[in-house]
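Contents: one structure, followed by commentary.
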Amino acid sequence: MKLPIAFLTALTLLLSLGWASCEKESKRDYLAEADCSNIDPIANTYTFAVKNILDNTCALSGCHDAATKSNGNDFSTYATAKVAFQTQDVLCAINHGEGCEPMPKGGTKLPTLTLNVLACWAKNGYPE
(Lines give C-alpha, C1' and ligand atoms only; values in the text may rest on other atoms or scores of the structure.)
Protein backbone atom coordinates (compact mmCIF):
# COMPACT_ATOMS: atom_id res chain seq x y z
CA MET A 1 0.00 0.00 0.00
CA LYS A 2 2.93 2.33 0.62
CA LEU A 3 4.13 2.12 -2.97
CA PRO A 4 0.90 3.43 -4.54
CA ILE A 5 0.80 6.39 -2.10
CA ALA A 6 4.42 7.30 -2.89
CA PHE A 7 3.71 6.91 -6.60
CA LEU A 8 0.62 9.12 -6.40
CA THR A 9 2.54 11.74 -4.44
CA ALA A 10 5.34 11.79 -7.03
CA LEU A 11 2.83 11.93 -9.89
CA THR A 12 0.98 14.83 -8.25
CA LEU A 13 4.26 16.70 -7.81
CA LEU A 14 5.26 16.16 -11.43
CA LEU A 15 1.88 17.30 -12.71
CA SER A 16 2.04 20.41 -10.52
CA LEU A 17 5.46 21.31 -11.89
CA GLY A 18 4.21 20.74 -15.43
CA TRP A 19 1.30 23.13 -14.95
CA ALA A 20 3.54 25.75 -13.37
CA SER A 21 5.86 25.67 -16.37
CA CYS A 22 2.91 26.23 -18.69
CA GLU A 23 1.95 29.50 -17.01
CA LYS A 24 2.15 32.60 -19.17
CA GLU A 25 5.58 34.17 -19.17
CA SER A 26 5.90 37.49 -17.43
CA LYS A 27 5.69 40.55 -19.66
CA ARG A 28 8.85 41.87 -21.21
CA ASP A 29 10.38 44.93 -19.61
CA TYR A 30 10.76 47.23 -22.61
CA LEU A 31 12.25 49.98 -20.47
CA ALA A 32 15.01 47.70 -19.21
CA GLU A 33 15.65 46.44 -22.75
CA ALA A 34 15.85 49.92 -24.29
CA ASP A 35 19.23 50.83 -25.74
CA CYS A 36 19.71 54.46 -24.75
CA SER A 37 23.45 54.52 -25.48
CA ASN A 38 23.07 56.48 -28.74
CA ILE A 39 20.24 58.75 -27.56
CA ASP A 40 21.01 62.13 -26.03
CA PRO A 41 18.85 62.37 -22.88
CA ILE A 42 18.90 66.18 -23.05
CA ALA A 43 17.43 66.20 -26.59
CA ASN A 44 15.15 63.18 -26.08
CA THR A 45 12.16 65.15 -24.82
CA TYR A 46 8.54 65.18 -25.85
CA THR A 47 8.95 68.55 -27.59
CA PHE A 48 12.16 67.80 -29.50
CA ALA A 49 11.88 64.10 -30.33
CA VAL A 50 8.76 62.25 -29.21
CA LYS A 51 6.02 64.61 -30.47
CA ASN A 52 7.22 64.31 -34.07
CA ILE A 53 7.19 60.50 -33.88
CA LEU A 54 3.74 60.36 -32.30
CA ASP A 55 2.28 62.98 -34.67
CA ASN A 56 3.48 61.04 -37.72
CA THR A 57 2.76 57.49 -36.60
CA CYS A 58 0.07 57.54 -33.90
CA ALA A 59 -1.85 60.81 -33.47
CA LEU A 60 -3.33 60.57 -36.94
CA SER A 61 -6.93 61.28 -37.85
CA GLY A 62 -8.99 58.21 -37.02
CA CYS A 63 -6.35 56.75 -34.72
CA HIS A 64 -4.91 58.25 -31.54
CA ASP A 65 -5.73 61.90 -32.18
CA ALA A 66 -7.72 64.11 -29.78
CA ALA A 67 -11.00 63.48 -31.63
CA THR A 68 -10.80 59.70 -32.07
CA LYS A 69 -8.79 58.49 -29.07
CA SER A 70 -8.72 54.91 -30.34
CA ASN A 71 -8.72 52.47 -27.39
CA GLY A 72 -8.87 55.52 -25.13
CA ASN A 73 -5.38 56.68 -26.15
CA ASP A 74 -4.75 60.28 -27.24
CA PHE A 75 -1.18 60.99 -28.31
CA SER A 76 -1.80 64.56 -29.49
CA THR A 77 -0.47 66.38 -26.40
CA TYR A 78 2.32 65.88 -23.90
CA ALA A 79 -0.08 65.30 -21.00
CA THR A 80 -2.24 62.73 -22.78
CA ALA A 81 0.72 60.92 -24.37
CA LYS A 82 2.46 60.66 -21.01
CA VAL A 83 -0.66 59.20 -19.37
CA ALA A 84 -1.06 56.67 -22.20
CA PHE A 85 2.55 55.52 -21.90
CA GLN A 86 2.26 55.26 -18.11
CA THR A 87 -1.05 53.40 -17.97
CA GLN A 88 -1.26 51.37 -21.18
CA ASP A 89 0.90 48.72 -22.84
CA VAL A 90 2.06 51.22 -25.47
CA LEU A 91 5.64 49.94 -25.56
CA CYS A 92 4.39 46.37 -25.92
CA ALA A 93 2.09 47.37 -28.78
CA ILE A 94 4.70 49.32 -30.75
CA ASN A 95 7.22 46.51 -30.24
CA HIS A 96 4.62 44.03 -31.56
CA GLY A 97 4.97 42.15 -28.28
CA GLU A 98 3.19 38.94 -27.44
CA GLY A 99 -0.32 39.53 -26.12
CA CYS A 100 -0.51 43.11 -27.39
CA GLU A 101 -2.25 44.50 -30.45
CA PRO A 102 0.56 45.49 -32.86
CA MET A 103 0.81 49.19 -33.62
CA PRO A 104 0.73 51.05 -35.90
CA LYS A 105 -2.40 49.14 -36.82
CA GLY A 106 -1.97 47.38 -40.15
CA GLY A 107 1.53 48.81 -40.48
CA THR A 108 5.04 47.57 -40.08
CA LYS A 109 6.92 47.73 -36.82
CA LEU A 110 8.64 51.05 -36.21
CA PRO A 111 12.43 51.17 -36.72
CA THR A 112 14.55 50.11 -33.74
CA LEU A 113 15.95 53.60 -33.23
CA THR A 114 12.42 55.04 -33.07
CA LEU A 115 11.37 52.39 -30.57
CA ASN A 116 14.42 53.20 -28.45
CA VAL A 117 13.68 56.95 -28.57
CA LEU A 118 10.18 56.29 -27.20
CA ALA A 119 11.31 53.76 -24.60
CA CYS A 120 14.20 55.97 -23.45
CA TRP A 121 11.83 58.93 -23.15
CA ALA A 122 9.72 56.84 -20.79
CA LYS A 123 12.76 55.40 -19.02
CA ASN A 124 14.07 58.91 -18.36
CA GLY A 125 10.83 60.06 -16.73
CA TYR A 126 8.92 61.51 -19.72
CA PRO A 127 10.75 64.86 -20.01
CA GLU A 128 8.67 67.53 -21.70
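Note on naming: chains are A, B, ... as they come in the C-alpha coordinates, residues start from 1 per chain, ligands start from 1 in the order shown.
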Q: Could you give me, as a PyMOL selection string, the residues within 12 Å of Leu60 of chain A, counting only C-alpha atoms and dropping anything in the same chain fewer than 6 positions from it?
A: chain A and resi 52-54+66-70+73-76+104-105
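Residues in contact with segment 48-51 of chain A at up to 9 Å, not including ones fewer than 4 positions away on its chain and judged by only C-alpha atoms, are Ala43, Asn44, Asp55, Asn56, Phe75, Ser76, Thr77, Tyr78, Ala81, Thr114, Val117, Leu118, Trp121 and Glu128 of chain A.
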(Q) With distances taken over only C-alpha atoms, which residue among A:Lys82, A:Ser37, A:Thr57, A:Arg28 lies nearest Gly125 of chain A? (A) A:Lys82
Taking 5 positions as the minimum chain separation for residues in the same chain, which residues sit within 12 Å of Thr112 of chain A when counting only C-alpha atoms? Answer as a short mmCIF file (atom, residue, chain, number, x, y, z; two decimals) with N, CA and C atoms, in the first residue's frame.
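Produced file part.cif, reproduced below:
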data_model
loop_
_atom_site.label_atom_id
_atom_site.label_comp_id
_atom_site.auth_asym_id
_atom_site.auth_seq_id
_atom_site.Cartn_x
_atom_site.Cartn_y
_atom_site.Cartn_z
N GLU A 33 15.04 46.89 -21.50
CA GLU A 33 15.65 46.44 -22.75
C GLU A 33 16.06 47.59 -23.67
N ALA A 34 15.57 48.79 -23.41
CA ALA A 34 15.85 49.92 -24.29
C ALA A 34 17.34 50.24 -24.34
N ASP A 35 17.83 50.45 -25.56
CA ASP A 35 19.23 50.83 -25.74
C ASP A 35 19.29 52.35 -25.86
N CYS A 36 19.66 53.00 -24.78
CA CYS A 36 19.71 54.46 -24.75
C CYS A 36 21.12 54.99 -24.98
N ASN A 38 22.89 55.54 -27.63
CA ASN A 38 23.07 56.48 -28.74
C ASN A 38 22.00 57.58 -28.75
N ILE A 94 3.84 48.84 -29.66
CA ILE A 94 4.70 49.32 -30.75
C ILE A 94 5.88 48.38 -31.01
N ASN A 95 6.19 47.53 -30.04
CA ASN A 95 7.22 46.51 -30.24
C ASN A 95 6.65 45.21 -30.80
N HIS A 96 5.34 45.21 -31.07
CA HIS A 96 4.62 44.03 -31.56
C HIS A 96 4.83 42.86 -30.61
N VAL A 117 13.96 55.56 -28.94
CA VAL A 117 13.68 56.95 -28.57
C VAL A 117 12.47 57.00 -27.64
N LEU A 118 11.41 56.28 -28.01
CA LEU A 118 10.18 56.29 -27.20
C LEU A 118 10.40 55.61 -25.85
N ALA A 119 11.07 54.47 -25.85
CA ALA A 119 11.31 53.76 -24.60
C ALA A 119 12.25 54.56 -23.68
N CYS A 120 13.25 55.19 -24.26
CA CYS A 120 14.20 55.97 -23.45
C CYS A 120 13.54 57.24 -22.90
#
Q.
Measuring between only C-alpha atoms, which one of A:Cys63, A:Met103, A:Ile39, A:Ala79 shows the shortest distance to Asn124 of chain A?
A. A:Ile39
